[in-house]
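Asks: This is data34.txt, which holds compact mmCIF, C-alpha atoms:
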# COMPACT_ATOMS: atom_id res chain seq x y z
CA MET A 1 8.05 27.47 -30.29
CA GLU A 2 5.43 30.20 -30.11
CA LYS A 3 2.49 29.77 -27.75
CA ILE A 4 4.08 26.75 -26.09
CA LEU A 5 2.22 27.75 -22.91
CA ASP A 6 -1.07 27.20 -24.72
CA ILE A 7 0.14 23.71 -25.61
CA ALA A 8 1.01 23.10 -21.95
CA GLU A 9 -2.53 24.02 -20.88
CA ALA A 10 -4.01 21.77 -23.56
CA ILE A 11 -1.87 18.83 -22.41
CA ALA A 12 -2.84 19.46 -18.79
CA ASN A 13 -6.57 19.44 -19.63
CA GLU A 14 -6.31 16.35 -21.81
CA LYS A 15 -4.28 14.29 -19.31
CA GLY A 16 -5.90 15.62 -16.15
CA LEU A 17 -2.63 17.08 -14.87
CA GLN A 18 -1.79 20.28 -13.03
CA PRO A 19 -0.75 23.02 -15.53
CA GLU A 20 2.16 24.06 -13.30
CA LYS A 21 3.61 20.55 -13.34
CA VAL A 22 3.17 20.25 -17.10
CA LEU A 23 5.01 23.52 -17.55
CA GLU A 24 7.91 22.27 -15.41
CA ALA A 25 8.03 19.09 -17.51
CA LEU A 26 8.18 21.18 -20.71
CA LYS A 27 11.00 23.29 -19.32
CA THR A 28 12.93 20.12 -18.47
CA ALA A 29 12.30 18.82 -22.01
CA PHE A 30 13.70 22.05 -23.49
CA VAL A 31 16.83 21.87 -21.32
CA GLN A 32 17.47 18.23 -22.19
CA THR A 33 16.98 18.97 -25.89
CA ALA A 34 19.50 21.80 -25.72
CA LYS A 35 22.02 19.52 -24.04
CA ARG A 36 21.60 16.91 -26.77
CA VAL A 37 21.53 19.29 -29.75
CA ILE A 38 23.90 22.11 -28.75
CA ASN A 39 26.40 20.88 -26.18
CA PRO A 40 25.91 18.52 -23.21
CA ASN A 41 28.50 20.38 -21.13
CA PHE A 42 26.71 23.71 -21.14
CA ALA A 43 24.54 24.76 -18.22
CA TYR A 44 21.07 25.70 -19.51
CA GLU A 45 18.00 27.27 -18.03
CA ALA A 46 14.51 27.37 -19.53
CA GLN A 47 12.78 30.71 -19.04
CA ILE A 48 9.17 31.57 -19.78
CA ASP A 49 8.39 34.62 -21.92
CA ASP A 50 4.86 35.64 -20.98
CA LYS A 51 4.58 38.12 -23.87
CA THR A 52 5.22 35.61 -26.64
CA ARG A 53 3.93 32.67 -24.53
CA SER A 54 7.06 30.74 -25.37
CA ILE A 55 10.03 29.18 -23.61
CA LYS A 56 13.54 30.52 -24.10
CA ILE A 57 16.74 28.53 -23.67
CA ILE A 58 19.43 30.45 -21.82
CA GLN A 59 22.99 29.18 -21.54
CA THR A 60 24.74 30.09 -18.30
CA ILE A 61 28.48 30.79 -18.47
CA THR A 62 30.46 31.05 -15.23
CA VAL A 63 33.34 33.53 -14.96
CA VAL A 64 36.59 32.02 -13.64
CA GLU A 65 40.23 33.06 -13.33
CA ASP A 66 42.37 33.14 -16.47
CA ASN A 67 44.45 30.15 -15.33
CA ASP A 68 41.55 28.05 -14.03
CA VAL A 69 42.01 24.34 -14.91
CA LYS A 70 38.40 24.16 -16.13
CA LEU A 71 39.38 26.23 -19.13
CA GLN A 72 41.92 23.55 -20.09
CA ASP A 73 39.35 20.75 -20.25
CA PRO A 74 37.79 20.80 -23.74
CA GLU A 75 34.67 18.98 -22.53
CA ILE A 76 33.62 21.50 -19.89
CA ALA A 77 35.50 24.61 -21.06
CA PRO A 78 32.49 25.98 -23.04
CA ALA A 79 30.58 26.39 -19.78
CA TYR A 80 33.25 28.77 -18.40
CA MET A 81 34.88 32.03 -19.45
CA ALA A 82 38.15 33.62 -18.36
CA ILE A 83 37.63 36.86 -16.47
CA SER A 84 39.84 38.78 -18.93
CA ASP A 85 37.61 37.69 -21.81
CA ALA A 86 34.44 38.41 -19.86
CA ARG A 87 35.57 41.98 -19.13
CA THR A 88 35.74 42.69 -22.84
CA TYR A 89 31.93 42.47 -22.71
CA ASP A 90 31.42 44.04 -19.29
CA ASP A 91 34.21 45.64 -17.29
CA GLN A 92 32.20 45.24 -14.07
CA VAL A 93 32.27 41.43 -14.18
CA GLU A 94 33.66 39.63 -11.11
CA LEU A 95 34.82 36.07 -10.49
CA GLY A 96 31.88 33.70 -10.03
CA ASP A 97 29.46 35.88 -11.99
CA GLN A 98 27.26 34.10 -14.49
CA LEU A 99 26.76 35.44 -17.98
CA GLN A 100 23.77 34.41 -20.07
CA GLU A 101 23.47 33.66 -23.76
CA GLU A 102 20.17 32.88 -25.45
CA HIS A 103 19.87 29.98 -27.91
CA ASP A 104 17.12 29.52 -30.50
CA LEU A 105 16.31 25.81 -30.86
CA GLU A 106 14.48 26.47 -34.13
CA SER A 107 17.79 27.42 -35.73
CA TYR A 108 18.94 23.83 -35.25
CA GLY A 109 16.31 22.57 -37.70
CA ARG A 110 14.49 19.25 -37.77
CA THR A 111 16.98 17.56 -35.49
CA ALA A 112 16.06 19.87 -32.64
CA ALA A 113 12.32 19.64 -33.40
CA SER A 114 12.38 15.86 -33.44
CA GLN A 115 14.43 15.66 -30.26
CA LEU A 116 12.17 18.15 -28.49
CA HIS A 117 9.11 16.14 -29.49
CA ARG A 118 10.60 12.97 -27.99
CA GLU A 119 11.65 14.75 -24.81
CA ILE A 120 8.21 16.30 -24.29
CA GLU A 121 6.52 12.96 -24.92
CA TYR A 122 8.86 11.22 -22.48
CA HIS A 123 8.49 13.72 -19.64
CA ILE A 124 4.71 14.00 -20.01
CA GLN A 125 4.40 10.21 -20.00
CA ARG A 126 6.53 10.00 -16.85
CA MET A 127 4.32 12.61 -15.23
CA VAL A 128 1.15 10.69 -16.14
CA GLU A 129 2.66 7.51 -14.71
CA ASP A 130 3.65 9.32 -11.52
CA GLU A 131 0.11 10.64 -11.11
CA VAL A 132 -1.40 7.19 -11.63
CA PHE A 133 1.19 5.63 -9.32
CA SER A 134 0.39 8.12 -6.55
CA LYS A 135 -3.33 7.59 -7.06
CA TYR A 136 -3.17 3.82 -6.67
CA LYS A 137 -0.47 3.91 -4.00
CA SER A 138 -2.98 5.75 -1.83
CA LYS A 139 -5.52 3.00 -2.55
CA VAL A 140 -3.46 0.18 -1.06
CA GLY A 141 -5.78 -1.71 1.30
CA THR A 142 -8.96 -0.47 -0.40
CA ILE A 143 -11.37 -2.26 -2.73
CA VAL A 144 -11.47 -1.71 -6.49
CA ASN A 145 -13.84 -3.12 -9.10
CA GLY A 146 -12.71 -4.29 -12.48
CA ARG A 147 -13.51 -6.40 -15.50
CA VAL A 148 -11.47 -9.49 -16.38
CA THR A 149 -9.61 -9.03 -19.67
CA ARG A 150 -7.37 -12.11 -19.69
CA VAL A 151 -6.43 -15.25 -17.76
CA ASP A 152 -2.95 -16.54 -18.58
CA ASN A 153 -1.48 -20.05 -18.47
CA ASN A 154 -0.47 -19.59 -14.83
CA ASN A 155 -4.09 -18.70 -13.95
CA ALA A 156 -3.11 -15.11 -13.20
CA THR A 157 -6.17 -12.95 -13.81
CA TYR A 158 -5.71 -9.57 -15.52
CA ILE A 159 -8.30 -6.96 -14.65
CA GLU A 160 -9.01 -3.58 -16.19
CA VAL A 161 -9.40 -1.04 -13.40
CA ASP A 162 -10.28 2.43 -14.70
CA GLU A 163 -7.31 3.54 -16.83
CA ILE A 164 -4.89 0.78 -15.87
CA ARG A 165 -4.57 -2.99 -15.88
CA ALA A 166 -4.04 -4.87 -12.63
CA VAL A 167 -3.23 -8.51 -11.94
CA LEU A 168 -4.78 -10.97 -9.49
CA PRO A 169 -2.23 -13.81 -9.05
CA MET A 170 -3.34 -17.39 -8.57
CA LYS A 171 -2.04 -17.33 -4.97
CA SER A 172 -4.31 -14.36 -4.20
CA ARG A 173 -7.49 -16.10 -5.37
CA ILE A 174 -9.82 -17.87 -2.97
CA LYS A 175 -9.65 -21.63 -3.38
CA GLY A 176 -12.20 -22.82 -5.92
CA GLU A 177 -12.65 -19.47 -7.65
CA VAL A 178 -12.67 -19.52 -11.45
CA PHE A 179 -12.80 -16.36 -13.54
CA LYS A 180 -13.34 -15.86 -17.25
CA VAL A 181 -13.03 -12.90 -19.58
CA GLY A 182 -15.84 -10.42 -19.01
CA ASP A 183 -16.40 -11.23 -15.34
CA VAL A 184 -16.62 -8.27 -12.97
CA LEU A 185 -14.98 -8.78 -9.59
CA LYS A 186 -13.93 -7.01 -6.44
CA ALA A 187 -10.46 -7.18 -4.94
CA VAL A 188 -8.27 -5.20 -2.60
CA VAL A 189 -5.17 -3.36 -3.81
CA ARG A 190 -2.30 -5.25 -2.20
CA ARG A 191 0.81 -3.74 -3.77
CA VAL A 192 1.73 -1.01 -6.27
CA ASN A 193 5.16 -0.97 -7.93
CA MET A 194 6.73 0.98 -10.76
CA ASP A 195 9.90 0.25 -12.72
CA LYS A 196 11.43 1.47 -15.97
CA ASP A 197 10.88 -1.75 -17.90
CA ASN A 198 7.31 -2.67 -16.97
CA GLY A 199 5.86 0.65 -15.85
CA ILE A 200 3.16 0.58 -13.16
CA GLN A 201 2.28 -2.82 -11.73
CA ILE A 202 -0.77 -3.23 -9.49
CA GLU A 203 -1.25 -6.48 -7.60
CA LEU A 204 -4.70 -7.32 -6.27
CA SER A 205 -5.76 -9.83 -3.64
CA ARG A 206 -8.93 -11.59 -2.54
CA THR A 207 -7.19 -13.62 0.18
CA SER A 208 -5.78 -10.78 2.28
CA PRO A 209 -7.44 -9.97 5.66
CA LYS A 210 -7.62 -6.41 4.32
CA PHE A 211 -10.10 -7.61 1.70
CA LEU A 212 -12.37 -8.91 4.45
CA GLU A 213 -12.05 -5.64 6.37
CA ALA A 214 -12.78 -3.57 3.26
CA LEU A 215 -15.87 -5.65 2.45
CA LEU A 216 -17.15 -5.20 6.00
CA GLU A 217 -16.62 -1.45 5.72
CA LEU A 218 -18.74 -1.41 2.56
CA GLU A 219 -21.48 -3.52 4.12
CA VAL A 220 -21.62 -2.11 7.67
CA PRO A 221 -22.34 1.65 7.95
CA GLU A 222 -21.16 1.69 11.57
CA ILE A 223 -17.69 0.55 10.48
CA GLU A 224 -17.58 3.16 7.72
CA ASP A 225 -18.51 6.03 10.05
CA GLY A 226 -16.16 4.86 12.80
CA SER A 227 -18.77 3.80 15.37
CA VAL A 228 -17.37 0.28 15.12
CA VAL A 229 -13.63 -0.29 14.65
CA ILE A 230 -11.95 -3.42 13.31
CA GLU A 231 -8.95 -3.89 15.57
CA LYS A 232 -7.59 -7.12 14.11
CA SER A 233 -8.54 -9.80 11.61
CA ALA A 234 -7.34 -13.23 10.54
CA ARG A 235 -8.36 -15.43 7.63
CA ILE A 236 -7.91 -18.84 6.15
CA PRO A 237 -9.37 -17.85 2.76
CA GLY A 238 -12.51 -19.67 1.67
CA GLU A 239 -12.85 -21.51 4.98
CA ARG A 240 -13.06 -19.34 8.07
CA ALA A 241 -12.15 -15.95 9.48
CA LYS A 242 -12.14 -14.14 12.81
CA ILE A 243 -12.43 -10.39 13.31
CA ALA A 244 -11.91 -8.50 16.56
CA ILE A 245 -14.08 -5.39 16.75
CA TYR A 246 -15.08 -2.82 19.33
CA SER A 247 -17.55 0.04 19.58
CA THR A 248 -16.61 3.69 20.05
CA HIS A 249 -20.21 4.61 20.93
CA PRO A 250 -21.91 3.39 24.13
CA GLN A 251 -25.22 2.78 22.34
CA VAL A 252 -23.73 0.73 19.50
CA ASP A 253 -23.27 -3.03 19.89
CA ALA A 254 -20.19 -3.81 17.81
CA VAL A 255 -20.98 -7.47 17.19
CA GLY A 256 -24.71 -6.90 16.64
CA ALA A 257 -24.13 -4.07 14.17
CA THR A 258 -21.57 -6.09 12.20
CA VAL A 259 -23.68 -9.25 12.04
CA GLY A 260 -26.87 -7.36 11.18
CA VAL A 261 -30.50 -8.40 11.60
CA LYS A 262 -30.70 -12.17 11.15
CA GLY A 263 -27.08 -12.08 9.98
CA VAL A 264 -27.89 -10.24 6.75
CA ARG A 265 -24.71 -8.11 6.76
CA ILE A 266 -22.19 -10.76 7.68
CA ASN A 267 -23.86 -13.22 5.29
CA ALA A 268 -23.49 -10.77 2.40
CA VAL A 269 -19.75 -10.55 3.08
CA SER A 270 -19.52 -14.33 3.49
CA GLU A 271 -21.19 -14.81 0.11
CA GLU A 272 -18.61 -12.59 -1.59
CA LEU A 273 -15.93 -14.75 0.05
CA ILE A 274 -17.36 -18.00 -1.36
CA GLY A 275 -19.09 -19.05 1.85
CA GLU A 276 -16.26 -18.21 4.26
CA ASN A 277 -17.50 -18.43 7.88
CA ILE A 278 -16.80 -15.24 9.84
CA ASP A 279 -16.60 -15.11 13.64
CA CYS A 280 -17.13 -11.68 15.19
CA ILE A 281 -15.32 -11.19 18.50
CA GLU A 282 -15.52 -8.18 20.78
CA TYR A 283 -12.00 -6.86 21.24
CA THR A 284 -10.51 -6.11 24.66
CA ASN A 285 -7.04 -4.97 25.66
CA ILE A 286 -7.02 -7.52 28.48
CA PRO A 287 -4.92 -10.27 26.85
CA GLU A 288 -6.33 -13.18 28.89
CA LEU A 289 -9.91 -12.23 28.06
CA PHE A 290 -9.08 -11.56 24.41
CA VAL A 291 -7.46 -14.98 24.05
CA ALA A 292 -10.47 -16.65 25.70
CA ARG A 293 -12.85 -14.90 23.30
CA SER A 294 -10.71 -15.71 20.28
CA MET A 295 -11.03 -19.44 21.10
CA SER A 296 -14.81 -19.30 20.63
CA PRO A 297 -16.88 -21.49 20.40
CA ALA A 298 -14.77 -23.40 22.94
CA ILE A 299 -15.37 -22.61 26.62
CA ILE A 300 -12.10 -21.84 28.40
CA SER A 301 -11.38 -22.44 32.09
CA HIS A 302 -8.21 -20.42 32.50
CA VAL A 303 -5.64 -18.45 30.44
CA GLU A 304 -2.07 -17.73 31.44
CA ILE A 305 0.06 -15.33 29.37
CA GLU A 306 3.83 -15.70 29.00
CA GLN A 307 6.02 -12.76 27.98
CA ASP A 308 9.47 -12.46 26.46
CA GLU A 309 12.38 -10.47 27.87
CA GLU A 310 11.00 -7.27 26.35
CA GLY A 311 7.62 -7.72 28.00
CA LYS A 312 5.82 -8.73 24.81
CA ASN A 313 3.03 -11.33 25.03
CA VAL A 314 4.29 -14.34 23.12
CA LYS A 315 2.44 -17.38 24.43
CA ALA A 316 -0.98 -18.21 25.89
CA ILE A 317 -1.38 -21.37 27.99
CA ILE A 318 -5.06 -22.29 27.95
CA THR A 319 -6.65 -24.68 30.43
CA LEU A 320 -9.97 -26.17 29.33
CA PRO A 321 -12.20 -29.23 29.89
CA SER A 322 -11.46 -32.22 27.67
CA ASP A 323 -14.87 -32.02 26.02
CA GLN A 324 -13.98 -28.51 24.78
CA LYS A 325 -10.64 -29.43 23.24
CA SER A 326 -12.02 -30.48 19.86
CA LYS A 327 -13.94 -27.19 19.60
CA ALA A 328 -10.85 -25.22 20.56
CA ILE A 329 -8.75 -26.93 17.92
CA GLY A 330 -11.42 -26.95 15.22
CA LYS A 331 -11.52 -28.94 12.00
CA SER A 332 -7.94 -29.50 10.78
CA GLY A 333 -6.75 -27.14 13.53
CA ILE A 334 -8.43 -24.14 11.90
CA ASN A 335 -9.86 -22.57 15.07
CA ILE A 336 -6.64 -22.58 17.09
CA ARG A 337 -4.65 -21.37 14.05
CA LEU A 338 -6.97 -18.41 13.55
CA ALA A 339 -6.92 -17.59 17.27
CA SER A 340 -3.12 -17.59 17.20
CA MET A 341 -3.08 -15.37 14.11
CA LEU A 342 -5.62 -12.99 15.67
CA THR A 343 -3.89 -12.65 19.05
CA GLY A 344 -0.34 -12.84 17.69
CA MET A 345 0.57 -15.46 20.29
CA GLU A 346 1.49 -19.13 20.33
CA ILE A 347 -1.31 -21.11 21.98
CA GLU A 348 -0.87 -24.20 24.13
CA LEU A 349 -3.85 -26.26 25.32
CA ILE A 350 -3.92 -28.11 28.65
CA GLU A 351 -6.81 -30.34 29.68
CA ASN A 352 -7.92 -30.03 33.32
CA ASP A 353 -9.44 -33.54 33.64
CA SER A 354 -6.57 -34.71 35.87
CA MET A 355 -7.38 -31.96 38.35
CA ALA A 356 -11.06 -32.82 38.19
CA ALA A 357 -10.32 -36.50 38.81
CA LYS A 358 -8.14 -35.59 41.77
CA ASP A 359 -10.87 -33.41 43.23
CA THR A 360 -13.45 -36.20 42.80
CA THR A 361 -11.22 -38.72 44.60
CA SER A 362 -10.79 -36.32 47.50
CA GLU A 363 -14.53 -35.80 47.77
CA VAL A 364 -15.20 -39.56 47.83
CA GLN A 365 -12.58 -40.05 50.55
CA GLU A 366 -14.08 -37.22 52.60
CA ASP A 367 -17.58 -38.75 52.27
CA LYS A 368 -16.24 -42.16 53.37
CA ASP A 369 -14.51 -40.63 56.40
CA GLY A 370 -17.71 -38.85 57.34
CA VAL A 371 -19.79 -42.01 57.19
CA ASP A 372 -17.25 -43.92 59.27
CA ALA A 373 -17.30 -41.18 61.89
CA LEU A 374 -21.10 -41.28 62.13
CA GLU A 375 -21.11 -45.05 62.52
CA ALA A 376 -18.51 -44.85 65.28
CA LEU A 377 -20.60 -42.18 67.06
CA PHE A 378 -23.81 -44.22 67.17
CA ASN A 379 -22.11 -47.54 67.85
Any chance you could put this one into structure tokens?
Replies:
Amino acid sequence: MEKILDIAEAIANEKGLQPEKVLEALKTAFVQTAKRVINPNFAYEAQIDDKTRSIKIIQTITVVEDNDVKLQDPEIAPAYMAISDARTYDDQVELGDQLQEEHDLESYGRTAASQLHREIEYHIQRMVEDEVFSKYKSKVGTIVNGRVTRVDNNNATYIEVDEIRAVLPMKSRIKGEVFKVGDVLKAVVRRVNMDKDNGIQIELSRTSPKFLEALLELEVPEIEDGSVVIEKSARIPGERAKIAIYSTHPQVDAVGATVGVKGVRINAVSEELIGENIDCIEYTNIPELFVARSMSPAIISHVEIEQDEEGKNVKAIITLPSDQKSKAIGKSGINIRLASMLTGMEIELIENDSMAAKDTTSEVQEDKDGVDALEALFN
């Protein structure tokens, strides 16, 4: 047990852990070993001896009244002492005082050594897992790079990311993507879980809107430094996406900066997304204008917003010319679906041809009345 503090420092350096946390884990391991080897009902405390650089196990015994029921229970009685017995050691002892007795784990032989080894290994491993869990929990929504190590029968792709293995499920792959062992790919951390049976589980995604946003942040310096902000995004992976952005600097054009010269920046992101088309829309907090922009490339005549009882925008009624309807809907409804996802509202389209026809009829009638009046005047 000598120089256990030196061992704690060595473990901390090897595993990249904080020495203070390693020391706390060792103290816990000593206490648990004492409970298993000596008596599980005793109250123990691990104390550090700086002179010998070792850890001592101290049993705490609580002083109670002579007729206390705890003394009658054989399972917990060793953790208590009657006040009359305690005063044979110290006549100044009072009820509730705690006496201490030191135990030497080495005196319990190989059983104690083996148990201590297992406890230390367990607690250090838990600490390492907690550190890794915290590290990747903070990376949720950010991009990681990794090398493919395996593709299982369900087409789930397992990727080695630094010191841990992550999984990219089939549902989180862009349609048409095929990976093989050895491929290096980018993905966004979608979820991080930890349980006793499977340890740390990291789920990656290439279909999440966050993946698109993270790629844009890597490609566009203005987004990384905060000059351009991505307010919202929506994707139908592998087909099309819309992003709503705005500038925080008067001299920065949000859309121009994101697209890049001749589209070089947005095209680089599109290439990573297997040719996914990306529409850049300038965000505004005026809902009618935002809805109109989100329907691009269709040209909108009018937008009316409906709210629920709580005042939340839930539906946009869009009036547009009939020749713009196909553009508004898009191939297989993709444009209107993305606009709805981006704005968070249900969208209803109304053609205004009936109004136009009515206006045309009125104009013709007015022209006819005018001609008839002129003829009557000269005749």
Asks: For a quick check of understanding, using only C-alpha atoms, which of A:Ile336, A:Ile48, A:Met81, A:Ala298 has the smallest distance to Arg235 (chain A)?
Replies: A:Ile336
Asks: Find the residues around region 137-143 of chain A up to 8 Å (all atoms listed in the file counted), leave out those fewer than 2 positions away in its own chain, and share them as a count of residues only.
Replies: 15
Asks: Of the candidates A:Val93, A:Arg147, A:Met127, A:Leu320, which shows the shortest atom-to-atom distance to Glu20 (chain A), using all atoms listed in the file?
Replies: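 Checking each of A:Val93, A:Arg147, A:Met127, A:Leu320 against Glu20 (chain A), counting all atoms listed in the file, the winner is A:Met127.
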Asks: Do you know which residues are at most 12 Å from Ala257 (chain A) counting only C-alpha atoms, after dropping those on the same chain fewer than 5 positions away, and could you put them as a VMD selection string?
Replies: chain A and resid 216 to 217 219 to 224 227 to 229 245 to 247 249 251 to 252 262 to 266 280 282
Asks: List the neighbours of Ile299 (chain A) out to 9 Å using only C-alpha atoms; skip same-chain residues closer than 5 positions along the sequence, and give me the result as an MDAnalysis selection string.
Replies: chainID A and resid 292:293 320:321 324:325 327:328
Asks: Kindly export the residues of the current selection with C-alpha atoms, as a CSV table (one decimal), in the frame of the given file.
Replies:
chain,number,residue,atom,x,y,z
A,292,ALA,CA,-10.5,-16.6,25.7
A,293,ARG,CA,-12.8,-14.9,23.3
A,320,LEU,CA,-10.0,-26.2,29.3
A,321,PRO,CA,-12.2,-29.2,29.9
A,324,GLN,CA,-14.0,-28.5,24.8
A,325,LYS,CA,-10.6,-29.4,23.2
A,327,LYS,CA,-13.9,-27.2,19.6
A,328,ALA,CA,-10.8,-25.2,20.6
Asks: If you measure from CA of Lys180 (chain A) to CA of Asn277 (chain A), what distance in Å do you get, rounded to one decimal?
Replies: 25.6 Å
Asks: Counting all atoms listed in the file, which residues come within 8 Å of (-8.6, -17.0, 25.9), with the point read in the file's coordinates, and could you list them as number ranges by chain?
Replies: A: 287-295, 300, 302-303, 316, 318
Asks: Rounded to one decimal in Å, what is the spacing between CA of Ala156 (chain A) and CA of Glu177 (chain A)?
Replies: 11.9 Å
Asks: Measuring atom to atom with only C-alpha atoms, identify which of A:Gln125, A:Ser208, A:Thr248, A:Asn285 is nearest to Asp225 (chain A).
Replies: A:Thr248
Asks: What's the separation between CA of Asp308 (chain A) and CA of Met341 (chain A), in Å to one decimal place?
Replies: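 Straight-line distance from CA of Asp308 (chain A) to CA of Met341 (chain A) works out to 17.8 Å.
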Asks: With all atoms listed in the file as the basis for distance, which of A:Asp152, A:Glu131, A:Glu203, A:Glu119 is at the shortest distance from Arg165 (chain A)?
Replies: A:Glu203
Asks: Given the choices A:Ser340, A:Glu306, A:Leu23, A:Arg126, which gets closest to Ala10 (chain A) if the distance is worked out from all atoms listed in the file?
Replies: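 Among the listed residues, the smallest separation from Ala10 (chain A) belongs to A:Leu23.
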Asks: Extract, using only C-alpha atoms, all DNA, RNA and protein residues at most 7 Å from region 168-171 of chain A, discarding same-chain residues fewer than 6 positions from it, and format them as an MDAnalysis selection string.
Replies: chainID A and resid 155:158 203:205
Asks: Using all atoms of region 108-116 of chain A listed in the file and a margin of 8 Å per side, can you give the axis-aligned box centre and edge lengths in Å to one decimal, as JSON?
Replies:
{"center_x": 15.6, "center_y": 19.7, "center_z": -33.1, "size_x": 22.8, "size_y": 24.2, "size_z": 25.3}
Asks: From the options A:Asp6, A:Asp253, A:Glu348, A:Asp183, which residue's atoms come nearest to Thr52 (chain A), counting all atoms listed in the file?
Replies: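 Closest residue, counting all atoms listed in the file: A:Asp6.
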Asks: Extract, using all atoms listed in the file, all DNA, RNA and protein residues at most 9 Å from region 64-76 of chain A, discarding same-chain residues fewer than 2 positions from it, and format them as a list in words.
Replies: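 Non-adjacent residues within range: Pro40, Asn41, Phe42, Thr62, Pro78, Ala79, Tyr80, Met81, Ala82, Ile83, Ser84, Asp85, Glu94, Leu95, Gly96 and Asp97 of chain A.
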Asks: Kindly output region 160-171 of chain A as a PDB file, keeping the file's coordinate frame, after building N, CA, C and O atoms.
Replies:
ATOM      1  N   GLU A 160      -9.045  -4.983 -15.784  1.00  0.00           N
ATOM      2  CA  GLU A 160      -9.010  -3.580 -16.190  1.00  0.00           C
ATOM      3  C   GLU A 160      -9.687  -2.743 -15.122  1.00  0.00           C
ATOM      4  O   GLU A 160     -10.891  -2.863 -14.897  1.00  0.00           O
ATOM      5  N   VAL A 161      -8.895  -1.911 -14.455  1.00  0.00           N
ATOM      6  CA  VAL A 161      -9.400  -1.040 -13.400  1.00  0.00           C
ATOM      7  C   VAL A 161      -9.229   0.398 -13.836  1.00  0.00           C
ATOM      8  O   VAL A 161      -8.112   0.908 -13.884  1.00  0.00           O
ATOM      9  N   ASP A 162     -10.334   1.048 -14.183  1.00  0.00           N
ATOM     10  CA  ASP A 162     -10.280   2.430 -14.700  1.00  0.00           C
ATOM     11  C   ASP A 162      -9.318   2.513 -15.878  1.00  0.00           C
ATOM     12  O   ASP A 162      -9.505   1.869 -16.887  1.00  0.00           O
ATOM     13  N   GLU A 163      -8.202   3.296 -15.704  1.00  0.00           N
ATOM     14  CA  GLU A 163      -7.310   3.540 -16.830  1.00  0.00           C
ATOM     15  C   GLU A 163      -6.097   2.627 -16.840  1.00  0.00           C
ATOM     16  O   GLU A 163      -5.176   2.823 -17.636  1.00  0.00           O
ATOM     17  N   ILE A 164      -6.080   1.613 -15.988  1.00  0.00           N
ATOM     18  CA  ILE A 164      -4.890   0.780 -15.870  1.00  0.00           C
ATOM     19  C   ILE A 164      -5.271  -0.687 -15.711  1.00  0.00           C
ATOM     20  O   ILE A 164      -6.401  -0.998 -15.322  1.00  0.00           O
ATOM     21  N   ARG A 165      -4.313  -1.559 -16.010  1.00  0.00           N
ATOM     22  CA  ARG A 165      -4.570  -2.990 -15.880  1.00  0.00           C
ATOM     23  C   ARG A 165      -3.854  -3.528 -14.645  1.00  0.00           C
ATOM     24  O   ARG A 165      -2.681  -3.256 -14.426  1.00  0.00           O
ATOM     25  N   ALA A 166      -4.586  -4.279 -13.845  1.00  0.00           N
ATOM     26  CA  ALA A 166      -4.040  -4.870 -12.630  1.00  0.00           C
ATOM     27  C   ALA A 166      -4.045  -6.385 -12.777  1.00  0.00           C
ATOM     28  O   ALA A 166      -4.697  -6.941 -13.663  1.00  0.00           O
ATOM     29  N   VAL A 167      -3.315  -7.056 -11.879  1.00  0.00           N
ATOM     30  CA  VAL A 167      -3.230  -8.510 -11.940  1.00  0.00           C
ATOM     31  C   VAL A 167      -3.621  -9.112 -10.601  1.00  0.00           C
ATOM     32  O   VAL A 167      -3.258  -8.605  -9.534  1.00  0.00           O
ATOM     33  N   LEU A 168      -4.406 -10.183 -10.667  1.00  0.00           N
ATOM     34  CA  LEU A 168      -4.780 -10.970  -9.490  1.00  0.00           C
ATOM     35  C   LEU A 168      -4.081 -12.320  -9.624  1.00  0.00           C
ATOM     36  O   LEU A 168      -4.533 -13.178 -10.389  1.00  0.00           O
ATOM     37  N   PRO A 169      -2.959 -12.540  -8.913  1.00  0.00           N
ATOM     38  CA  PRO A 169      -2.230 -13.810  -9.050  1.00  0.00           C
ATOM     39  C   PRO A 169      -3.050 -14.990  -8.549  1.00  0.00           C
ATOM     40  O   PRO A 169      -3.986 -14.828  -7.762  1.00  0.00           O
ATOM     41  N   MET A 170      -2.668 -16.173  -8.993  1.00  0.00           N
ATOM     42  CA  MET A 170      -3.340 -17.390  -8.570  1.00  0.00           C
ATOM     43  C   MET A 170      -3.319 -17.527  -7.047  1.00  0.00           C
ATOM     44  O   MET A 170      -4.322 -17.913  -6.435  1.00  0.00           O
ATOM     45  N   LYS A 171      -2.178 -17.187  -6.418  1.00  0.00           N
ATOM     46  CA  LYS A 171      -2.040 -17.330  -4.970  1.00  0.00           C
ATOM     47  C   LYS A 171      -2.962 -16.390  -4.195  1.00  0.00           C
ATOM     48  O   LYS A 171      -3.231 -16.619  -3.013  1.00  0.00           O
TER      49      LYS A 171
END
